[in-house]
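What's in structure.cif: mmCIF, C-alpha atoms
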data_input
#
loop_
_atom_site.label_atom_id
_atom_site.label_comp_id
_atom_site.auth_asym_id
_atom_site.auth_seq_id
_atom_site.Cartn_x
_atom_site.Cartn_y
_atom_site.Cartn_z
CA MET A 1266 21.33 -15.71 -1.03
CA GLY A 1267 20.21 -12.66 0.98
CA ALA A 1268 22.03 -9.35 0.91
CA GLY A 1269 22.97 -9.87 4.55
CA THR A 1270 25.30 -12.73 3.56
CA LYS A 1271 27.29 -10.60 1.12
CA LYS A 1272 30.75 -9.32 1.85
CA LEU A 1273 30.91 -5.52 2.00
CA THR A 1274 33.16 -3.66 -0.43
CA GLY A 1275 34.54 -1.24 2.16
CA ARG A 1276 33.57 1.82 0.11
CA VAL A 1277 31.33 3.01 2.95
CA ASP A 1278 31.92 2.77 6.69
CA PRO A 1279 29.72 -0.12 7.90
CA GLY A 1280 28.28 2.24 10.51
CA ARG A 1281 26.68 4.20 7.66
CA ILE A 1282 24.74 1.17 6.44
CA ALA A 1283 21.48 1.26 8.38
CA MET A 1284 20.10 -1.98 6.93
CA LEU A 1285 21.69 -4.78 4.92
CA ASP A 1286 18.51 -6.41 3.60
CA VAL A 1287 15.77 -4.30 2.03
CA PRO A 1288 12.32 -5.64 3.00
CA ARG A 1289 10.61 -7.39 0.09
CA PRO A 1290 7.06 -6.65 -1.08
CA PRO A 1291 4.48 -9.45 -0.92
CA GLU A 1292 4.78 -11.98 -3.72
CA GLY A 1293 3.08 -10.94 -6.96
CA VAL A 1294 2.58 -7.31 -5.92
CA VAL A 1295 5.10 -5.81 -8.35
CA GLU A 1296 3.54 -7.64 -11.30
CA ARG A 1297 0.06 -6.45 -10.32
CA PHE A 1298 1.18 -2.83 -10.13
CA MET A 1299 2.92 -3.20 -13.48
CA ARG A 1300 -0.38 -4.22 -15.08
CA LEU A 1301 -2.10 -0.96 -14.09
CA SER A 1302 -2.68 1.57 -16.84
CA ASP A 1303 -1.07 4.95 -16.05
CA PRO A 1304 0.28 3.53 -12.77
CA SER A 1305 1.74 6.68 -11.17
CA SER A 1306 -1.45 8.68 -11.80
CA THR A 1307 -3.68 5.86 -10.56
CA VAL A 1308 -1.57 5.37 -7.43
CA SER A 1309 -1.50 9.10 -6.71
CA ASP A 1310 -5.30 9.28 -6.98
CA VAL A 1311 -6.03 6.38 -4.66
CA MET A 1312 -3.45 7.50 -2.11
CA ASP A 1313 -5.23 10.86 -1.98
CA GLU A 1314 -8.53 9.10 -1.36
CA LEU A 1315 -7.00 6.85 1.29
CA GLY A 1316 -5.53 9.85 3.09
CA LEU A 1317 -1.96 8.76 2.40
CA PRO A 1318 0.67 11.26 1.24
CA SER A 1319 2.02 9.86 -2.02
CA GLY A 1320 4.99 12.15 -2.28
CA ALA A 1321 4.24 12.23 -5.98
CA ILE A 1322 6.95 13.89 -8.08
CA GLY A 1323 6.22 14.84 -11.66
CA ALA A 1324 8.38 13.77 -14.56
CA SER A 1325 9.03 17.43 -15.30
CA VAL A 1326 11.03 17.47 -12.02
CA LEU A 1327 12.57 14.00 -12.11
CA ARG A 1328 12.96 13.37 -15.83
CA PRO A 1329 13.05 9.83 -17.20
CA THR A 1330 16.09 9.07 -19.32
CA ILE A 1331 14.16 6.46 -21.34
CA ALA A 1332 10.62 7.17 -22.51
CA GLY A 1333 7.95 4.51 -22.12
CA GLN A 1334 9.47 2.72 -19.15
CA VAL A 1335 7.48 1.58 -16.11
CA VAL A 1336 9.42 0.64 -13.00
CA VAL A 1337 7.97 -0.82 -9.79
CA GLY A 1338 10.05 -2.16 -6.92
CA PRO A 1339 11.22 -1.75 -3.33
CA ALA A 1340 13.41 1.24 -2.55
CA LEU A 1341 17.12 0.71 -1.95
CA THR A 1342 18.09 4.09 -0.48
CA VAL A 1343 21.24 6.20 -0.65
CA ARG A 1344 21.81 9.64 0.90
CA ASN A 1345 24.61 11.79 -0.48
CA ALA A 1346 26.07 15.15 0.54
CA ILE A 1347 28.81 17.48 -0.69
CA GLN A 1348 32.31 16.51 0.45
CA GLY A 1349 33.93 19.02 2.76
CA ILE A 1350 37.10 19.32 0.67
CA ASP A 1351 38.17 21.21 -2.44
CA ALA A 1352 37.09 19.13 -5.46
CA LEU A 1353 40.23 19.78 -7.54
CA ALA A 1354 42.52 18.92 -4.65
CA GLY A 1355 40.45 15.80 -4.07
CA ALA A 1356 40.76 14.84 -7.73
CA GLN A 1357 44.54 15.14 -7.61
CA LYS A 1358 44.62 12.88 -4.54
CA HIS A 1359 41.79 10.61 -5.80
CA VAL A 1360 39.66 11.16 -2.69
CA ASN A 1361 36.52 9.31 -3.77
CA ARG A 1362 33.86 9.02 -1.06
CA MET A 1363 30.93 8.02 -3.24
CA GLY A 1364 29.31 4.83 -2.01
CA GLU A 1365 26.53 3.84 -4.40
CA PHE A 1366 28.67 0.84 -5.42
CA GLU A 1367 28.12 -0.52 -1.91
CA ALA A 1368 24.37 -0.08 -2.40
CA HIS A 1369 24.63 -2.03 -5.66
CA ASN A 1370 26.57 -4.69 -3.76
CA LEU A 1371 23.65 -5.07 -1.34
CA ALA A 1372 20.97 -4.94 -4.05
CA MET A 1373 18.51 -7.74 -4.63
CA PRO A 1374 16.86 -8.29 -8.03
CA GLY A 1375 13.99 -5.86 -8.53
CA ASP A 1376 15.27 -3.16 -6.17
CA VAL A 1377 14.98 0.47 -7.26
CA LEU A 1378 17.87 2.71 -6.22
CA VAL A 1379 16.41 5.85 -4.60
CA CYS A 1380 19.06 8.51 -4.02
CA GLU A 1381 18.74 11.77 -2.13
CA GLY A 1382 21.59 13.26 -4.07
CA VAL A 1383 23.43 16.44 -4.90
CA ALA A 1384 22.42 18.82 -7.69
CA ASP A 1385 24.71 19.84 -10.55
CA VAL A 1386 27.14 16.95 -10.09
CA SER A 1387 26.78 13.29 -11.02
CA ASN A 1388 25.47 10.91 -8.36
CA MET A 1389 25.46 8.04 -10.85
CA GLY A 1390 27.33 7.42 -14.08
CA GLY A 1391 27.65 4.80 -16.77
CA ILE A 1392 29.69 2.19 -14.90
CA SER A 1393 27.37 2.51 -11.92
CA SER A 1394 24.36 2.05 -14.19
CA ARG A 1395 25.89 -1.06 -15.73
CA LEU A 1396 26.64 -2.52 -12.32
CA ALA A 1397 23.11 -1.74 -11.10
CA GLN A 1398 21.70 -3.52 -14.12
CA ARG A 1399 23.96 -6.53 -13.57
CA GLN A 1400 22.76 -6.76 -9.98
CA GLY A 1401 19.17 -6.90 -11.20
CA GLU A 1402 18.04 -3.45 -10.12
CA ALA A 1403 14.93 -2.31 -11.97
CA GLY A 1404 15.99 1.34 -12.24
CA ALA A 1405 17.10 4.40 -10.30
CA ILE A 1406 15.46 7.57 -8.97
CA ILE A 1407 18.01 10.33 -8.37
CA MET A 1408 17.19 13.65 -6.75
CA GLY A 1409 20.31 15.24 -8.17
CA GLY A 1410 22.57 14.94 -11.18
CA VAL A 1411 23.47 11.93 -13.33
CA ARG A 1412 25.79 11.56 -16.30
CA ASP A 1413 26.67 9.19 -19.14
CA VAL A 1414 23.00 9.24 -20.06
CA ALA A 1415 23.62 7.96 -23.58
CA TYR A 1416 25.30 4.88 -22.11
CA SER A 1417 22.57 4.07 -19.58
CA ARG A 1418 20.03 4.47 -22.39
CA SER A 1419 22.03 2.19 -24.67
CA ILE A 1420 21.94 -0.65 -22.13
CA GLY A 1421 18.27 -0.03 -21.34
CA PHE A 1422 18.71 0.96 -17.69
CA PRO A 1423 16.02 3.54 -16.78
CA ILE A 1424 16.85 6.50 -14.55
CA TRP A 1425 14.72 9.39 -13.35
CA ALA A 1426 16.88 12.39 -12.37
CA SER A 1427 16.54 16.08 -11.62
CA ASP A 1428 19.48 17.10 -13.80
CA TYR A 1429 22.01 15.79 -16.28
CA THR A 1430 25.62 16.92 -16.04
CA PRO A 1431 29.09 15.81 -17.16
CA VAL A 1432 30.61 16.91 -13.82
CA THR A 1433 31.75 13.90 -11.81
CA GLY A 1434 30.71 13.44 -8.22
CA LYS A 1435 33.79 11.36 -7.39
CA TRP A 1436 35.68 14.23 -5.79
CA ARG A 1437 32.60 16.24 -4.75
CA ILE A 1438 30.13 13.81 -3.12
CA GLU A 1439 30.20 11.77 0.05
CA THR A 1440 27.71 8.99 0.75
CA MET A 1441 26.34 9.59 4.24
CA GLU A 1442 24.01 6.61 4.61
CA ILE A 1443 22.73 3.53 2.80
CA ASN A 1444 19.29 2.10 3.53
CA GLY A 1445 18.23 4.82 5.90
CA PRO A 1446 15.45 7.39 5.38
CA VAL A 1447 15.82 9.74 2.41
CA THR A 1448 13.90 12.83 1.40
CA MET A 1449 12.68 12.99 -2.18
CA GLY A 1450 10.77 16.21 -2.78
CA ASN A 1451 8.01 16.16 -0.16
CA ALA A 1452 8.30 12.43 0.46
CA ARG A 1453 10.18 10.65 3.21
CA VAL A 1454 11.17 7.30 1.73
CA MET A 1455 12.25 4.27 3.74
CA PRO A 1456 14.02 1.18 2.41
CA GLY A 1457 11.37 -1.28 1.28
CA ASP A 1458 8.78 1.38 0.43
CA LEU A 1459 7.40 0.68 -3.03
CA VAL A 1460 8.47 2.89 -5.92
CA VAL A 1461 6.09 3.35 -8.88
CA ALA A 1462 7.61 5.31 -11.78
CA ASP A 1463 6.53 5.97 -15.37
CA ASP A 1464 6.46 8.73 -17.98
CA THR A 1465 4.18 10.89 -15.81
CA GLY A 1466 6.17 10.73 -12.60
CA ILE A 1467 6.98 8.82 -9.44
CA CYS A 1468 5.01 7.79 -6.34
CA PHE A 1469 6.37 6.28 -3.14
CA ILE A 1470 4.07 3.89 -1.26
CA PRO A 1471 4.85 3.23 2.42
CA ARG A 1472 5.54 -0.46 2.90
CA ALA A 1473 2.71 -0.88 5.43
CA ALA A 1474 0.17 0.47 2.91
CA ILE A 1475 1.23 -1.47 -0.20
CA MET A 1476 -1.66 -3.95 -0.26
CA GLN A 1477 -4.26 -1.32 0.62
CA VAL A 1478 -3.05 0.92 -2.20
CA LEU A 1479 -2.82 -1.96 -4.67
CA GLU A 1480 -6.39 -3.15 -4.09
CA ALA A 1481 -7.76 0.39 -4.43
CA ALA A 1482 -5.64 1.04 -7.53
CA GLU A 1483 -6.90 -2.13 -9.23
CA LYS A 1484 -10.51 -1.06 -8.60
CA GLN A 1485 -9.76 2.42 -9.96
CA ALA A 1486 -8.06 0.98 -13.05
CA ALA A 1487 -10.97 -1.39 -13.71
CA PHE A 1488 -13.42 1.51 -13.53
CA GLU A 1489 -11.33 3.64 -15.88
CA GLU A 1490 -11.06 0.80 -18.39
CA GLU A 1491 -14.85 0.38 -18.33
CA ARG A 1492 -15.34 4.13 -18.67
CA SER A 1493 -12.96 4.26 -21.64
CA ALA A 1494 -14.90 1.45 -23.33
CA GLN A 1495 -18.18 3.32 -22.77
CA ILE A 1496 -16.74 6.49 -24.29
CA GLU A 1497 -15.35 4.55 -27.24
CA ALA A 1498 -18.79 2.97 -27.76
CA GLY A 1499 -20.40 6.42 -27.95
CA LEU A 1500 -22.34 6.39 -24.66
CA PRO A 1501 -23.95 9.85 -24.15
CA LEU A 1502 -22.22 12.04 -21.60
CA HIS A 1503 -25.27 12.28 -19.36
CA GLU A 1504 -25.18 8.50 -18.95
CA LEU A 1505 -21.58 8.52 -17.70
CA GLY A 1506 -22.23 8.43 -13.97
CA PRO A 1507 -19.69 9.02 -11.18
CA ARG A 1508 -17.33 6.30 -10.07
CA PRO A 1509 -18.86 4.25 -7.23
CA HIS A 1510 -17.04 4.37 -3.91
#

What does this structure look like when you write it as C-alpha cells?
Amino acid sequence: MGAGTKKLTGRVDPGRIAMLDVPRPPEGVVERFMRLSDPSSTVSDVMDELGLPSGAIGASVLRPTIAGQVVVGPALTVRNAIQGIDALAGAQKHVNRMGEFEAHNLAMPGDVLVCEGVADVSNMGGISSRLAQRQGEAGAIIMGGVRDVAYSRSIGFPIWASDYTPVTGKWRIETMEINGPVTMGNARVMPGDLVVADDTGICFIPRAAIMQVLEAAEKQAAFEEERSAQIEAGLPLHELGPRPH
C-alpha cells in the first residue's frame, strides 16, 4: 500500500503536505551503500570528485544518539518553526501544532526522517521515536533538539541531532511543511534524496545522482580495501601508488 492511499491524521493542514509519496531509490541501492566501509566519508569524497555538493555534516554537529549505527534511506522531510504564541499560554490551552506524527503516518519502510527543526526545544521525543520505528523508518536526522534520548536508545532507534533537551516542542513548535525542501546545514534536501549517516557524519545525495555516486563509491571502497591489505602485508610505502582515476 502506498503512502498516497493512507488517511491523513489531520495534525497538519493538507495544504502543508507538498508530497504524499516519497520517491523510492532503485532496488538494491540501500543495501549496496550499507556494505561500504566508512560510508559517509567515502560518499563525501566521491561527491567532491564528481563535482556534487554533498552537504556533509559532521557528527560533532549532528550527534548520533547510538554509536555504531549506519543508516541509509530516502529522506522524508519535515520543516518546523517557532510558534507565534507564548509557550506557557499554549501549554495551558494545549495548543500543539507539531506535525511529525503526520510525517510518520506517511512514512514507508526504510524512510529516514530529515527535519529542519528548532534549536533548544524538542522536535522529536520518545513516543514519536517509537511510532517512527513502528512505521519502519530507519532513523532520523534532526537539525534541532530532541529529547527522551534514553528511551530512543533503549528501543534501538537511531537519531542524529544538534542538541538534546528536556524542553518540549509541543507548545513551542509549528510544522510548516512536510515533504518539501529543507535546509540542513549547507545542504538543500528534497524528499527522496538519499541519506547516508554513520558515526562520522551525514551526507545527502540528490536523487538524480544516486547511481552515479554509488558506482563511484564502490570503486573507491574497493581501492581502499586493497590498499589496506597492502599496508597490512607490509608493502613498502614507495610502492603504494596513487589511486587510479

Once the PyMOL selection byres ((chain A and resi 1370) around 10) is applied to the coordinates I shared, what remains selected? I want it as a short mmCIF file (atom, residue, chain, number, x, y, z; two decimals) with C-alpha atoms, keeping the file's coordinate frame.
data_model
loop_
_atom_site.label_atom_id
_atom_site.label_comp_id
_atom_site.auth_asym_id
_atom_site.auth_seq_id
_atom_site.Cartn_x
_atom_site.Cartn_y
_atom_site.Cartn_z
CA ALA A 1268 22.03 -9.35 0.91
CA LYS A 1271 27.29 -10.60 1.12
CA LYS A 1272 30.75 -9.32 1.85
CA LEU A 1273 30.91 -5.52 2.00
CA THR A 1274 33.16 -3.66 -0.43
CA LEU A 1285 21.69 -4.78 4.92
CA GLU A 1365 26.53 3.84 -4.40
CA PHE A 1366 28.67 0.84 -5.42
CA GLU A 1367 28.12 -0.52 -1.91
CA ALA A 1368 24.37 -0.08 -2.40
CA HIS A 1369 24.63 -2.03 -5.66
CA LEU A 1371 23.65 -5.07 -1.34
CA ALA A 1372 20.97 -4.94 -4.05
CA MET A 1373 18.51 -7.74 -4.63
CA LEU A 1396 26.64 -2.52 -12.32
CA ALA A 1397 23.11 -1.74 -11.10
CA GLN A 1400 22.76 -6.76 -9.98
#

Atom pair CA of Asp1458 in chain A / CA of Ile1407 in chain A: separation (Å): 15.6 Å

Polymer residues at most 9 Å from Met1284 in chain A, only C-alpha atoms, same-chain spacing of 6 or more positions, as a list in words: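 Everything that qualifies: Gly1269, Ile1443, Asn1444, Gly1445 and Pro1456 of chain A.
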
Closest of A:Pro1304, A:Met1389, A:Ile1420, A:Ala1356 to Cys1468 in chain A - atom-to-atom distances counting only C-alpha atoms: A:Pro1304

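Closest approach to Glu1480 in chain A from the set A:Ile1282, A:Leu1315, A:Val1287, A:Ala1352 is made by A:Leu1315, with distances taken over only C-alpha atoms.
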
Using all atoms listed in the file: which of A:Val1460, A:Ala1474, A:Val1379, A:Val1414 has the shortest distance to Val1447 in chain A: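 Nearest candidate to Val1447 in chain A out of A:Val1460, A:Ala1474, A:Val1379, A:Val1414: A:Val1379.
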
All residues 9 Å or closer to Ile1438 in chain A, only C-alpha atoms, same chain fewer than 2 positions away omitted, as a PyMOL selection string: chain A and resi 1345-1349+1361-1363+1382-1383+1386-1388+1433-1436+1440

Residue with smallest distance to Pro1374 in chain A - pool A:Leu1301, A:Val1337, A:Ala1482, A:Ile1424, counting all atoms listed in the file: A:Val1337

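Using only C-alpha atoms, the shortest contact distance between Phe1422 in chain A and any of A:Arg1395, A:Arg1453, A:Arg1328, A:Arg1276 is found at A:Arg1395.
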
Given the file shown, determine the residues that the PyMOL selection byres ((chain A and resi 1425) around 10) selects; report them as a PDB file with C-alpha atoms, in the frame of the given file.
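Produced file result_23.pdb, reproduced below:
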ATOM      1  CA  ALA A1324       8.380  13.770 -14.560  1.00  0.00           C
ATOM      2  CA  VAL A1326      11.030  17.470 -12.020  1.00  0.00           C
ATOM      3  CA  LEU A1327      12.570  14.000 -12.110  1.00  0.00           C
ATOM      4  CA  ARG A1328      12.960  13.370 -15.830  1.00  0.00           C
ATOM      5  CA  PRO A1329      13.050   9.830 -17.200  1.00  0.00           C
ATOM      6  CA  THR A1330      16.090   9.070 -19.320  1.00  0.00           C
ATOM      7  CA  ILE A1331      14.160   6.460 -21.340  1.00  0.00           C
ATOM      8  CA  VAL A1379      16.410   5.850  -4.600  1.00  0.00           C
ATOM      9  CA  GLY A1404      15.990   1.340 -12.240  1.00  0.00           C
ATOM     10  CA  ALA A1405      17.100   4.400 -10.300  1.00  0.00           C
ATOM     11  CA  ILE A1406      15.460   7.570  -8.970  1.00  0.00           C
ATOM     12  CA  ILE A1407      18.010  10.330  -8.370  1.00  0.00           C
ATOM     13  CA  MET A1408      17.190  13.650  -6.750  1.00  0.00           C
ATOM     14  CA  GLY A1409      20.310  15.240  -8.170  1.00  0.00           C
ATOM     15  CA  GLY A1410      22.570  14.940 -11.180  1.00  0.00           C
ATOM     16  CA  VAL A1411      23.470  11.930 -13.330  1.00  0.00           C
ATOM     17  CA  PRO A1423      16.020   3.540 -16.780  1.00  0.00           C
ATOM     18  CA  ILE A1424      16.850   6.500 -14.550  1.00  0.00           C
ATOM     19  CA  ALA A1426      16.880  12.390 -12.370  1.00  0.00           C
ATOM     20  CA  SER A1427      16.540  16.080 -11.620  1.00  0.00           C
ATOM     21  CA  ASP A1428      19.480  17.100 -13.800  1.00  0.00           C
ATOM     22  CA  ALA A1462       7.610   5.310 -11.780  1.00  0.00           C
ATOM     23  CA  ASP A1463       6.530   5.970 -15.370  1.00  0.00           C
ATOM     24  CA  ASP A1464       6.460   8.730 -17.980  1.00  0.00           C
ATOM     25  CA  GLY A1466       6.170  10.730 -12.600  1.00  0.00           C
ATOM     26  CA  ILE A1467       6.980   8.820  -9.440  1.00  0.00           C
TER      27      ILE A1467
END

Top pick for closest residue to Arg1418 in chain A, considering A:Gly1280, A:Gly1316, A:Gly1275, A:Gly1390 and counting only C-alpha atoms: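 For Arg1418 in chain A, the nearest of the given residues is A:Gly1390.
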
Gap from CA of Gln1398 in chain A to CA of Val1478 in chain A - Å, one decimal: 27.8 Å

Picked residues, the PyMOL selection byres ((chain A and resi 1290) around 9), expected as a PyMOL selection string: chain A and resi 1288-1289+1291-1295+1338-1339+1457-1459+1472+1475
